[in-house]
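**Q** Structure below; questions to follow.
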Amino acid sequence: MKRILAINPGSTSSKIGYFEERKCISSITIRHSHEEIARYDSITDQHAMRKEAIVKWMKGENINIEELDAVVGRGGLLRPTSGGTFKVNERIISDLTNAVYGVHASNLGALIAQEIAHQAGVDAFIVDPVTTDEFGPLARYSGHPDINRISVFHALNQKAAARTICEKIGRKYSDVNMVIAHLGGGATIGAHEKGRVIDVNHGLEEGPFTPERSGSLPVLELIKMCYSGKFTHDEMKKKIVGKGGMTAYMNTSDIQAIVKMADRGDKKAEEILEAMVYQISKEIGACATVLKGSVDAIVITGGVAYNDFVTDRIRERISFIGPVHLLPGEDELLSMASGVLRVLEGKEEASEY
C-alpha cells in the first residue's frame, strides 16, 4: 500500500490530504489569517510557517512521516513543460524559490513537499502544473509578432477530468480527442488531442467571461480605457481579473445567487447568464474546429458545473458536437496523489524538469 501526502497551498490557506493508494484517509484546509500572512515579506518566506502547520496536523492525525512513500505538491509557476508527473529537482526548487516565472502561493507546494520528503527519505513530485504547455506552432500565433499566445490553464483538473471520463467510456486518454471546459472563478477550455492539450485559452486573459474575469475584450476599447487617465495600472488589471465578468455586471461572483435572481424574474440577471453560456459554448465550438470536428467527448467540470441552469443551456448549444459529460467540482488533492501513484505503480515514468 502506497502512502502519499498531497499539499496544495493557496493564498490564505493550505489544503492537505493523506492518501493510502487513491483513498483519502484524512484531509484538512489549514487557514492562515491575514495578520499571519502579513508578517512575511514574500510568499517564499512563508514556507517554514506553512510546513510547521502541516507537520503539526500530521502528528495530530497520527500520520508518521517516516512511513510515507511519496510527497506531492502543487506545481506552481514554472517554465513551460509538457504535462505529467515530475520529480522535484534542484531546477524546480531554484525556479520556484526565486519566482523566475512569477509569484503565486502554489509555488510553495514543491518547496514544502521537498522538505517533508527529504525527512521521510522519499521523493517529492509535482503533477500537471498550470504552465503545462503542449501547444503546436499554430496555436502560438496571436496576430502580432510582438505577442505570443502562451499556455496557462487548469491543467491539473482538466487532465484528471479527461482521465476520469476515459475510464468511464473505456478508452485510453492517449487515443481520444476531447474538449474539456473547466468552469470556476475563471474558465479554461482546452482541445485535448490524444493526451495532449494542443490549444486552450489563457485562464487570465482570454476566452469567455466568468464569475470574476472579463475574458477576451474588444482590444481598441480596452486601449482607450488604459489611456483615459481614469484608471491606474492595478485598477485596470482588477477589471480583467478579480472584478471582471459577473462581478462587474452584477456586483457578485455567486452564480447560484444570480440564478435565483433570474428565477425571480430579473431579466438582466437572466440575460447576463445566457451571455456567459453563449461565450462558453462558442469557445467549446472553437476547440472542436481545432480538432477538425473529431470529438469523442466534451467534459464540463469545475465549480460552476454544479449549476444546472448553466450546464443545461451549454448542453443545448454544444450537444451536436459530441457526447457531453458532467464532472462537477475538482479534487486537486486526489488528482495530485493519482499522478504520483501512476509513477509508483510503474504505469507512467516521472518526467524531468
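Labels for the C-alpha cells follow display order: chains A, B, ..., residues from 1 in each chain, ligands from 1.
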Write out as a list of chain:residue names which residues come within 12 Å of Ala257 of chain A when counting only C-alpha atoms, dropping same-chain ones fewer than 2 positions away.
**A**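 Near neighbours after the sequence-gap exclusion: A:Pro211, A:Met246, A:Thr247, A:Met250, A:Asn251, A:Thr252, A:Ser253, A:Asp254, A:Ile255, A:Val259, A:Lys260, A:Met261, A:Ala262, A:Asp263, A:Arg264, A:Asp266, A:Ala269, A:Glu270, A:Leu273, A:Asn307, A:Phe309.
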**Q** For the residues in the current selection, export C-alpha atoms as a PDB file, in the first residue's frame.
**A**
```pdb
ATOM      1  CA  PRO A 211     -17.780  34.970 -12.377  1.00  0.00           C
ATOM      2  CA  MET A 246     -20.216  38.626 -13.437  1.00  0.00           C
ATOM      3  CA  THR A 247     -18.687  40.672 -10.623  1.00  0.00           C
ATOM      4  CA  MET A 250     -23.925  42.023 -11.172  1.00  0.00           C
ATOM      5  CA  ASN A 251     -21.717  43.059  -8.217  1.00  0.00           C
ATOM      6  CA  THR A 252     -21.364  39.426  -7.188  1.00  0.00           C
ATOM      7  CA  SER A 253     -19.481  36.357  -8.369  1.00  0.00           C
ATOM      8  CA  ASP A 254     -22.019  33.987  -6.784  1.00  0.00           C
ATOM      9  CA  ILE A 255     -23.553  32.178  -9.759  1.00  0.00           C
ATOM     10  CA  VAL A 259     -29.575  32.200 -10.955  1.00  0.00           C
ATOM     11  CA  LYS A 260     -32.018  32.837  -8.099  1.00  0.00           C
ATOM     12  CA  MET A 261     -32.394  36.427  -9.324  1.00  0.00           C
ATOM     13  CA  ALA A 262     -33.181  35.124 -12.807  1.00  0.00           C
ATOM     14  CA  ASP A 263     -35.684  32.624 -11.400  1.00  0.00           C
ATOM     15  CA  ARG A 264     -37.460  35.510  -9.648  1.00  0.00           C
ATOM     16  CA  ASP A 266     -34.764  39.503 -13.073  1.00  0.00           C
ATOM     17  CA  ALA A 269     -29.581  38.504 -14.490  1.00  0.00           C
ATOM     18  CA  GLU A 270     -31.071  36.012 -16.945  1.00  0.00           C
ATOM     19  CA  LEU A 273     -26.171  34.315 -17.505  1.00  0.00           C
ATOM     20  CA  ASN A 307     -25.293  24.650 -11.607  1.00  0.00           C
ATOM     21  CA  PHE A 309     -29.110  26.440 -15.186  1.00  0.00           C
TER      22      PHE A 309
END
```
**Q** Extract, using only C-alpha atoms, all DNA, RNA and protein residues at most 12 Å from Leu344 of chain A, discarding same-chain residues fewer than 2 positions from it, and format them as a ChimeraX atom specification.
**A** /A:1-4,21,69-71,85,87,122-125,337-342,346-350
**Q** Have a look at A:Glu221, A:Glu212, A:Glu167, A:Asp199 and name the one nearest to Met276 of chain A; count only C-alpha atoms.
**A**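 Answer, going by the shortest atom-to-atom distance: A:Glu212.
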**Q** Atom CA of Tyr353 of chain A and atom CA of Thr81 of chain A, how far apart in Å?
**A**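 These two atoms are separated by 7.6 Å.
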**Q** Got a sec: who's within 7 Å of segment 93-102 of chain A, counting only C-alpha atoms, leaving out chain neighbours fewer than 5 positions off, as a PyMOL selection string?
**A** chain A and resi 44+77-79+107+111
**Q** Using only C-alpha atoms, which residues sit within 9 Å of segment 57-63 of chain A once same-chain residues fewer than 4 positions away are excluded, as number ranges by chain?
**A** A: 18, 26, 28, 30, 52-53, 67-68
**Q** Using DSSP assignments from the backbone, pull out every residue in segment 127-268 of chain A that falls under alpha helix (DSSP H) and give it to me as number ranges by chain.
**A** A: 155-169, 219-226, 233-240, 245-250, 255-263, 267-268
**Q** At most 12 Å is the cut-off: for each residue in segment 116-192 of chain A with any atom that close to an atom of segment 238-243 of chain A, write down the nearest atom pair and the distance in Å rounded to one decimal, counting only C-alpha atoms, chain first then increasing number, as JSON lines.
**A**
```
{"residue": "A:Gly185", "atom": "CA", "partner": "A:Gly242", "partner_atom": "CA", "distance": 8.7}
{"residue": "A:Gly186", "atom": "CA", "partner": "A:Val241", "partner_atom": "CA", "distance": 8.6}
{"residue": "A:Ala187", "atom": "CA", "partner": "A:Val241", "partner_atom": "CA", "distance": 11.5}
```
**Q** Save the residues we just selected, C-alpha atoms, as a short mmCIF file (atom, residue, chain, number, x, y, z; two decimals), in the first residue's frame?
**A**
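And here is the file that came out, out20.cif:
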```
data_model
loop_
_atom_site.label_atom_id
_atom_site.label_comp_id
_atom_site.auth_asym_id
_atom_site.auth_seq_id
_atom_site.Cartn_x
_atom_site.Cartn_y
_atom_site.Cartn_z
CA GLY A 185 -13.98 31.67 -10.87
CA GLY A 186 -12.02 31.57 -14.11
CA ALA A 187 -12.61 29.33 -17.11
#
```
**Q** Could you tell me, as a PyMOL selection string, which residues of segment 63-296 of chain A DSSP assigns to strand (DSSP E) when given the backbone?
**A** chain A and resi 70-73+85-87+123-127+141-144+147-148+177-183+187-193+196-200
**Q** Write the residues of the preceding selection, restricted to C-alpha atoms, as an mmCIF file, in the first residue's frame.
**A**
```
data_model
loop_
_atom_site.group_PDB
_atom_site.id
_atom_site.type_symbol
_atom_site.label_atom_id
_atom_site.label_comp_id
_atom_site.auth_asym_id
_atom_site.auth_seq_id
_atom_site.Cartn_x
_atom_site.Cartn_y
_atom_site.Cartn_z
ATOM 1 C CA ALA A 70 5.972 9.997 -1.600
ATOM 2 C CA VAL A 71 5.017 13.632 -1.113
ATOM 3 C CA VAL A 72 3.401 15.717 -3.853
ATOM 4 C CA GLY A 73 2.994 19.480 -4.040
ATOM 5 C CA THR A 85 4.254 13.943 -13.097
ATOM 6 C CA PHE A 86 7.643 15.484 -12.369
ATOM 7 C CA LYS A 87 10.139 14.504 -9.708
ATOM 8 C CA ASP A 123 10.897 11.531 -3.496
ATOM 9 C CA ALA A 124 8.796 14.656 -3.896
ATOM 10 C CA PHE A 125 6.700 15.285 -7.016
ATOM 11 C CA ILE A 126 4.523 17.826 -8.788
ATOM 12 C CA VAL A 127 1.720 16.971 -11.239
ATOM 13 C CA TYR A 141 0.249 32.879 -33.107
ATOM 14 C CA SER A 142 -1.595 35.837 -31.585
ATOM 15 C CA GLY A 143 -1.893 38.036 -34.663
ATOM 16 C CA HIS A 144 1.191 40.161 -33.938
ATOM 17 C CA ILE A 147 2.958 38.866 -28.663
ATOM 18 C CA ASN A 148 2.849 35.074 -28.474
ATOM 19 C CA ASN A 177 -9.995 13.653 -28.770
ATOM 20 C CA MET A 178 -11.824 15.663 -26.109
ATOM 21 C CA VAL A 179 -12.871 19.199 -25.267
ATOM 22 C CA ILE A 180 -12.588 19.904 -21.546
ATOM 23 C CA ALA A 181 -14.260 23.002 -20.081
ATOM 24 C CA HIS A 182 -13.132 23.911 -16.565
ATOM 25 C CA LEU A 183 -15.637 26.454 -15.244
ATOM 26 C CA ALA A 187 -12.607 29.330 -17.114
ATOM 27 C CA THR A 188 -10.252 27.436 -19.388
ATOM 28 C CA ILE A 189 -11.462 25.348 -22.296
ATOM 29 C CA GLY A 190 -8.960 23.010 -23.900
ATOM 30 C CA ALA A 191 -8.684 20.910 -27.038
ATOM 31 C CA HIS A 192 -7.202 17.556 -25.954
ATOM 32 C CA GLU A 193 -5.801 15.600 -28.876
ATOM 33 C CA ARG A 196 -2.063 16.468 -25.293
ATOM 34 C CA VAL A 197 -3.725 19.858 -24.795
ATOM 35 C CA ILE A 198 -2.885 21.365 -28.177
ATOM 36 C CA ASP A 199 -4.834 24.594 -27.606
ATOM 37 C CA VAL A 200 -6.519 26.288 -24.647
#
```
**Q** With only C-alpha atoms as the counted atoms, please give the residues lying no more than 8 Å from Pro129 of chain A, apart from itself and same-chain residues fewer than 5 positions off, as a ChimeraX atom specification.
**A** /A:74-78,83,155-156
**Q** Taking C-alpha atoms for each residue, export the selection above as an mmCIF file, in the first residue's frame.
**A**
```cif
data_model
loop_
_atom_site.group_PDB
_atom_site.id
_atom_site.type_symbol
_atom_site.label_atom_id
_atom_site.label_comp_id
_atom_site.auth_asym_id
_atom_site.auth_seq_id
_atom_site.Cartn_x
_atom_site.Cartn_y
_atom_site.Cartn_z
ATOM 1 C CA ARG A 74 1.006 21.765 -6.339
ATOM 2 C CA GLY A 75 3.183 22.626 -9.328
ATOM 3 C CA GLY A 76 3.411 26.400 -9.198
ATOM 4 C CA LEU A 77 4.644 28.802 -11.870
ATOM 5 C CA LEU A 78 7.449 27.110 -13.793
ATOM 6 C CA GLY A 83 2.041 17.666 -18.822
ATOM 7 C CA ALA A 155 -4.067 21.650 -16.308
ATOM 8 C CA LEU A 156 -4.324 19.527 -13.159
#
```
**Q** For a quick check of understanding, using only C-alpha atoms, which of A:Ile321, A:Ala305, A:Met225, A:Val88 has the smallest distance to Lys292 of chain A?
**A** A:Ile321
**Q** To one decimal place, how far is atom CA of Ile54 of chain A from atom CA of Cys24 of chain A in Å?
**A** 16.0 Å
**Q** What lies within 8 Å of Ser13 of chain A using only C-alpha atoms, ignoring chain neighbours under 5 positions off, as a VMD selection string?
**A** chain A and resid 29 to 32
**Q** Export N, CA and C atoms of the chosen residues as a PDB file, in the first residue's frame?
**A**
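Listing of again_29.pdb after writing:
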```
ATOM      1  N   THR A  29      -8.197  21.742   5.455  1.00  0.00           N
ATOM      2  CA  THR A  29      -7.818  23.037   4.906  1.00  0.00           C
ATOM      3  C   THR A  29      -7.317  23.872   6.073  1.00  0.00           C
ATOM      4  N   ILE A  30      -6.013  24.116   6.089  1.00  0.00           N
ATOM      5  CA  ILE A  30      -5.400  24.914   7.148  1.00  0.00           C
ATOM      6  C   ILE A  30      -5.482  26.383   6.725  1.00  0.00           C
ATOM      7  N   ARG A  31      -6.200  27.171   7.484  1.00  0.00           N
ATOM      8  CA  ARG A  31      -6.394  28.577   7.126  1.00  0.00           C
ATOM      9  C   ARG A  31      -5.389  29.453   7.864  1.00  0.00           C
ATOM     10  N   HIS A  32      -4.823  30.410   7.114  1.00  0.00           N
ATOM     11  CA  HIS A  32      -3.833  31.325   7.659  1.00  0.00           C
ATOM     12  C   HIS A  32      -4.432  32.736   7.670  1.00  0.00           C
TER      13      HIS A  32
END
```
**Q** So, with only C-alpha atoms as the atoms that count, which of A:Ala275, A:Ala288, A:Ala139, A:Val176 lies closest to Phe209 of chain A?
**A**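 Result for the nearest residue to Phe209 of chain A: A:Ala275.
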